[in-house]
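Step one of this worksheet: look at the structure below.
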Amino acid sequence: MRFLKSLGLAAAVAVSFLGAPASAQSALQDILSGGVLKVGTTGDWNPMSVRDPATNSYVGYDIDVMTELATDLGVELEFVPTDWKTLVNGVVAGNYHMTGSASISPARMKAAGFSDSYISVEIFPFTTDDKVDRFSGWDSINAADVKVATTLGTTFEKLVREWFPDAQLTVVEAPARGYQEVLSGRSDVFITSNIEGSTLVSKFPNLRQIETDGPRAPSPIAMLLPQNDQVWINYVNSWIELKKAQGFFDRTAEKWGL
């Protein structure tokens with residue numbers, strides 16, 4: 001009887017081990033063994049990530065950063081198209097190993113991890129030259145007769161809802177952008193980062209930055225990573241620290257006018 005009990009206990013222990021899930025492999029091992037680094041990017045944030053629809057290729061600050069990372073890993077680089085509303089979901093679902101630059105926010109931190117930051121942004125409001133005289137600061141935008149446009153799923157969408165509750169909000173879905181609504185005359189104001197804003201003003205001569213007492217929401221920028229993959233997070237953070245020390249991020253920012 002004692003023998004049978006011991007046999008039953010051993011069997012139960014064996015079953016428990018068989019039923020236990022194996023520890024998940026880090027994305028780092030997956031990248032090295034597969035030979036490919038998969039990066040989610042929207043392709044609509046100039047000059048960070050811009051997609052050429054004719055060639056389906058990408059250029060920008062983010063693209064240079066990810067190309068350098070893949071080179072140092074010794075693997076191929078594959079860009080996976082995504083949009084702002086599904087950016088975090090793609091990391092969580094394993095559609096890509098990481099993303100390009102994204103604002104660090106508490107909402108995103110609930111589901112995904114972030115790398116160390118390597119650049120920051122500030123937010124400014126913009127309009128067209130025929131409407132710029134209507135506005136004199138942030139408070140002048142928060143009015144019932146002002147139409148504010150933004151893009152679904154972006155950090156900017158959350159901010160305009162908080163900052164301009166009295167204004168009329170137009171939320172468009174990517175690949176449409178808030179600034180396009182303003183350029184077309186369907187809306188009056190959009191907000192964006194100093195990074196994109198300077199590029200848009202250069203590209204569209206009729207865009208104007210609205211005069212304010214200063215920027216809002218200074219935000220560190222980082223890469224989104226799988227939240228529970230500390231091995232991969234540690235690698236990326238150490239790589240960022242190394243590249244900062246070598247001046248890579250400064251040179252890349254200068255190249256793209258940041």
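Naming scheme: A, B, ... for chains in displayed order of the structure tokens; residues 1 onward per chain; ligands 1 onward as shown.
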List the spatial neighbours of Ala70 of chain A as a ChimeraX atom specification - criterion: any atom at most 12 Å away, only C-alpha atoms, same-chain residues fewer than 4 positions off excluded. /A:28,31-32,35-39,63-66,74-79,97-98,236,239
Name the residues of segment 53-83 of chain A that fall into strand (DSSP E) according to DSSP on the backbone, using the chain letters and numbers of this document, as a VMD selection string. chain A and resid 57 to 59 76 to 81
Determine, counting only C-alpha atoms, which protein, DNA and RNA residues have an atom within 12 Å of an atom of Leu159 of chain A; residues of the same chain fewer than 6 positions away are not included. Present the result as a PDB file with N, CA and C atoms, in the first residue's frame.
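Output file out_31.pdb is given in full below:
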ATOM      1  N   SER A 105       3.560  56.964 -22.050  1.00  0.00           N
ATOM      2  CA  SER A 105       2.313  57.383 -21.399  1.00  0.00           C
ATOM      3  C   SER A 105       1.857  56.302 -20.429  1.00  0.00           C
ATOM      4  N   ILE A 123       4.597  69.814 -27.239  1.00  0.00           N
ATOM      5  CA  ILE A 123       3.400  69.943 -28.068  1.00  0.00           C
ATOM      6  C   ILE A 123       3.059  71.414 -28.310  1.00  0.00           C
ATOM      7  N   PHE A 124       2.753  71.738 -29.578  1.00  0.00           N
ATOM      8  CA  PHE A 124       2.350  73.087 -29.973  1.00  0.00           C
ATOM      9  C   PHE A 124       1.079  73.006 -30.821  1.00  0.00           C
ATOM     10  N   PRO A 125       0.294  74.089 -30.853  1.00  0.00           N
ATOM     11  CA  PRO A 125      -0.884  74.136 -31.740  1.00  0.00           C
ATOM     12  C   PRO A 125      -0.543  74.803 -33.073  1.00  0.00           C
ATOM     13  N   VAL A 148     -11.212  71.429 -33.787  1.00  0.00           N
ATOM     14  CA  VAL A 148      -9.872  70.865 -33.564  1.00  0.00           C
ATOM     15  C   VAL A 148      -9.840  69.455 -34.131  1.00  0.00           C
ATOM     16  N   ALA A 149      -8.851  69.184 -34.951  1.00  0.00           N
ATOM     17  CA  ALA A 149      -8.731  67.867 -35.590  1.00  0.00           C
ATOM     18  C   ALA A 149      -7.581  67.080 -34.971  1.00  0.00           C
ATOM     19  N   THR A 150      -7.764  65.768 -34.885  1.00  0.00           N
ATOM     20  CA  THR A 150      -6.725  64.893 -34.360  1.00  0.00           C
ATOM     21  C   THR A 150      -6.887  63.503 -34.960  1.00  0.00           C
ATOM     22  N   THR A 151      -5.880  62.660 -34.747  1.00  0.00           N
ATOM     23  CA  THR A 151      -5.886  61.313 -35.324  1.00  0.00           C
ATOM     24  C   THR A 151      -6.169  60.278 -34.255  1.00  0.00           C
ATOM     25  N   LEU A 152      -7.064  59.359 -34.550  1.00  0.00           N
ATOM     26  CA  LEU A 152      -7.494  58.324 -33.611  1.00  0.00           C
ATOM     27  C   LEU A 152      -6.310  57.504 -33.104  1.00  0.00           C
ATOM     28  N   GLY A 153      -6.279  57.284 -31.791  1.00  0.00           N
ATOM     29  CA  GLY A 153      -5.294  56.394 -31.198  1.00  0.00           C
ATOM     30  C   GLY A 153      -3.967  57.025 -30.864  1.00  0.00           C
ATOM     31  N   PRO A 165     -12.180  70.812 -24.136  1.00  0.00           N
ATOM     32  CA  PRO A 165     -13.501  70.175 -23.979  1.00  0.00           C
ATOM     33  C   PRO A 165     -14.639  70.993 -24.583  1.00  0.00           C
ATOM     34  N   LEU A 169     -14.524  68.655 -31.761  1.00  0.00           N
ATOM     35  CA  LEU A 169     -13.429  67.753 -32.073  1.00  0.00           C
ATOM     36  C   LEU A 169     -13.749  66.891 -33.292  1.00  0.00           C
ATOM     37  N   PHE A 190      -4.853  71.968 -35.236  1.00  0.00           N
ATOM     38  CA  PHE A 190      -4.376  70.650 -34.813  1.00  0.00           C
ATOM     39  C   PHE A 190      -3.181  70.864 -33.900  1.00  0.00           C
ATOM     40  N   ILE A 191      -2.886  69.883 -33.090  1.00  0.00           N
ATOM     41  CA  ILE A 191      -1.682  69.941 -32.267  1.00  0.00           C
ATOM     42  C   ILE A 191      -0.739  68.832 -32.699  1.00  0.00           C
ATOM     43  N   THR A 192       0.539  69.089 -32.552  1.00  0.00           N
ATOM     44  CA  THR A 192       1.530  68.061 -32.828  1.00  0.00           C
ATOM     45  C   THR A 192       2.822  68.424 -32.118  1.00  0.00           C
ATOM     46  N   SER A 193       3.790  67.570 -32.249  1.00  0.00           N
ATOM     47  CA  SER A 193       5.070  67.786 -31.577  1.00  0.00           C
ATOM     48  C   SER A 193       5.902  68.833 -32.308  1.00  0.00           C
ATOM     49  N   ARG A 216       3.302  72.604 -24.353  1.00  0.00           N
ATOM     50  CA  ARG A 216       2.677  71.778 -23.329  1.00  0.00           C
ATOM     51  C   ARG A 216       3.168  70.326 -23.461  1.00  0.00           C
ATOM     52  N   ALA A 217       2.946  69.591 -22.379  1.00  0.00           N
ATOM     53  CA  ALA A 217       3.153  68.139 -22.351  1.00  0.00           C
ATOM     54  C   ALA A 217       4.514  67.699 -22.880  1.00  0.00           C
ATOM     55  N   PRO A 218       5.604  68.214 -22.306  1.00  0.00           N
ATOM     56  CA  PRO A 218       6.897  67.661 -22.704  1.00  0.00           C
ATOM     57  C   PRO A 218       6.935  66.171 -22.409  1.00  0.00           C
TER      58      PRO A 218
END
Ranking A:Asp188, A:Asp145, A:Glu162, A:Glu173 by minimum distance to Thr128 of chain A and counting only C-alpha atoms, which one comes first?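 Looking only at the distances to Thr128 of chain A, the closest residue turns out to be A:Asp188.
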Please run DSSP on the backbone and report, as a ChimeraX atom specification, all residues within segment 11-76 of chain A that come out as helix (DSSP H, G or I). /A:11-19,27-34,61-73
Residues from the last selection, N, CA and C atoms, saved as a CSV table (one decimal), in the first residue's frame:
chain,number,residue,atom,x,y,z
A,11,ALA,N,3.7,10.0,-9.8
A,11,ALA,CA,3.0,10.2,-11.0
A,11,ALA,C,2.4,11.6,-11.1
A,12,ALA,N,1.8,12.0,-9.9
A,12,ALA,CA,1.2,13.3,-9.8
A,12,ALA,C,2.3,14.4,-10.0
A,13,VAL,N,3.5,14.3,-9.5
A,13,VAL,CA,4.5,15.2,-9.6
A,13,VAL,C,4.9,15.3,-11.1
A,14,ALA,N,5.0,14.1,-11.8
A,14,ALA,CA,5.4,14.1,-13.2
A,14,ALA,C,4.4,14.8,-14.0
A,15,VAL,N,3.1,14.6,-13.7
A,15,VAL,CA,2.1,15.2,-14.5
A,15,VAL,C,2.1,16.8,-14.3
A,16,SER,N,2.4,17.2,-13.1
A,16,SER,CA,2.5,18.6,-12.8
A,16,SER,C,3.6,19.3,-13.6
A,17,PHE,N,4.7,18.6,-13.7
A,17,PHE,CA,5.8,19.1,-14.5
A,17,PHE,C,5.5,19.2,-16.0
A,18,LEU,N,4.8,18.1,-16.5
A,18,LEU,CA,4.4,18.1,-17.9
A,18,LEU,C,3.4,19.2,-18.2
A,19,GLY,N,2.6,19.5,-17.2
A,19,GLY,CA,1.5,20.5,-17.5
A,19,GLY,C,2.0,21.9,-17.3
A,27,ALA,N,12.6,37.7,-26.8
A,27,ALA,CA,12.6,38.2,-28.2
A,27,ALA,C,14.0,38.3,-28.7
A,28,LEU,N,15.0,38.5,-27.8
A,28,LEU,CA,16.4,38.6,-28.3
A,28,LEU,C,16.8,37.2,-28.9
A,29,GLN,N,16.5,36.1,-28.2
A,29,GLN,CA,16.8,34.8,-28.8
A,29,GLN,C,16.1,34.6,-30.1
A,30,ASP,N,14.8,35.0,-30.1
A,30,ASP,CA,14.0,34.8,-31.3
A,30,ASP,C,14.6,35.6,-32.5
A,31,ILE,N,15.1,36.8,-32.3
A,31,ILE,CA,15.7,37.6,-33.3
A,31,ILE,C,17.0,37.0,-33.8
A,32,LEU,N,17.8,36.6,-32.8
A,32,LEU,CA,19.1,36.0,-33.2
A,32,LEU,C,19.0,34.7,-33.9
A,33,SER,N,18.1,33.8,-33.5
A,33,SER,CA,17.9,32.5,-34.1
A,33,SER,C,17.2,32.7,-35.5
A,34,GLY,N,16.3,33.6,-35.6
A,34,GLY,CA,15.5,33.8,-36.8
A,34,GLY,C,16.2,34.7,-37.8
A,61,TYR,N,14.2,59.4,-39.1
A,61,TYR,CA,15.0,59.2,-37.9
A,61,TYR,C,14.9,57.8,-37.3
A,62,ASP,N,13.7,57.4,-37.1
A,62,ASP,CA,13.4,56.0,-36.6
A,62,ASP,C,14.0,54.9,-37.5
A,63,ILE,N,13.9,55.1,-38.8
A,63,ILE,CA,14.4,54.1,-39.7
A,63,ILE,C,15.9,54.0,-39.6
A,64,ASP,N,16.6,55.1,-39.4
A,64,ASP,CA,18.1,55.1,-39.2
A,64,ASP,C,18.4,54.4,-37.9
A,65,VAL,N,17.6,54.7,-36.9
A,65,VAL,CA,17.9,54.1,-35.6
A,65,VAL,C,17.7,52.6,-35.6
A,66,MET,N,16.6,52.1,-36.2
A,66,MET,CA,16.4,50.7,-36.3
A,66,MET,C,17.3,49.9,-37.2
A,67,THR,N,17.8,50.6,-38.3
A,67,THR,CA,18.8,50.0,-39.2
A,67,THR,C,20.1,49.8,-38.4
A,68,GLU,N,20.5,50.8,-37.6
A,68,GLU,CA,21.7,50.7,-36.8
A,68,GLU,C,21.6,49.5,-35.8
A,69,LEU,N,20.4,49.4,-35.2
A,69,LEU,CA,20.2,48.3,-34.2
A,69,LEU,C,20.3,47.0,-34.8
A,70,ALA,N,19.6,46.8,-36.0
A,70,ALA,CA,19.7,45.5,-36.7
A,70,ALA,C,21.1,45.2,-37.2
A,71,THR,N,21.8,46.2,-37.6
A,71,THR,CA,23.2,46.0,-38.0
A,71,THR,C,24.1,45.5,-36.8
A,72,ASP,N,23.9,46.1,-35.7
A,72,ASP,CA,24.6,45.7,-34.5
A,72,ASP,C,24.2,44.3,-34.0
A,73,LEU,N,23.0,43.9,-34.2
A,73,LEU,CA,22.5,42.6,-33.9
A,73,LEU,C,23.0,41.6,-34.9
Quick one: residues within 12 Å of Ser198 of chain A, only C-alpha atoms counted, chain neighbours fewer than 2 positions away excluded, as an NGL selection string? :A and (45-47 or 121-126 or 192-196 or 200-205 or 207-209 or 256-258)
Residues within 7 Å of Thr212 of chain A, please, as a count of residues only. Count only C-alpha atoms; anything in the same chain fewer than 4 positions from it doesn't count. 3
Any idea what's packed within 12 Å of Ala107 of chain A, counting only C-alpha atoms, ignoring anything in its chain fewer than 6 positions away? Could you give it as a ChimeraX atom specification? /A:88,113-114,153-155,158
When you count only C-alpha atoms, which of these residues is closest to Glu254 of chain A: A:Leu87, A:Val160, A:Val231, A:Ile119?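 Looking at the shortest contact to Glu254 of chain A, the residue is A:Ile119.
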Kindly give the distance, in Å, that separates atom CA of Arg251 of chain A and atom CA of Leu225 of chain A, rounded to a single decimal.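 Interatomic distance, atom CA of Arg251 of chain A to atom CA of Leu225 of chain A: 24.3 Å.
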Rank nothing, just name the residue among A:Asp116, A:Asp129, A:Glu181, A:Asp139 nearest to Asp166 of chain A, using only C-alpha atoms. A:Asp139
Gly43 of chain A environment, 8 Å, only C-alpha atoms, sequence neighbours closer than 5 positions dropped, as a CSV table (one decimal) with N, CA, C and O atoms, in the first residue's frame:
chain,number,residue,atom,x,y,z
A,49,SER,N,9.3,58.6,-39.2
A,49,SER,CA,9.0,57.4,-40.0
A,49,SER,C,8.1,57.8,-41.1
A,49,SER,O,6.9,58.1,-40.9
A,50,VAL,N,8.6,57.8,-42.4
A,50,VAL,CA,7.8,58.2,-43.5
A,50,VAL,C,7.8,57.1,-44.6
A,50,VAL,O,8.9,56.6,-45.0
A,51,ARG,N,6.6,56.6,-44.9
A,51,ARG,CA,6.5,55.5,-45.9
A,51,ARG,C,6.3,56.0,-47.3
A,51,ARG,O,5.4,56.9,-47.5
A,58,TYR,N,10.7,52.9,-46.3
A,58,TYR,CA,10.6,53.9,-45.2
A,58,TYR,C,11.9,54.7,-45.1
A,58,TYR,O,13.0,54.2,-45.3
A,81,PRO,N,4.0,47.2,-41.0
A,81,PRO,CA,3.1,48.4,-41.0
A,81,PRO,C,2.1,48.3,-39.9
A,81,PRO,O,1.6,47.2,-39.6
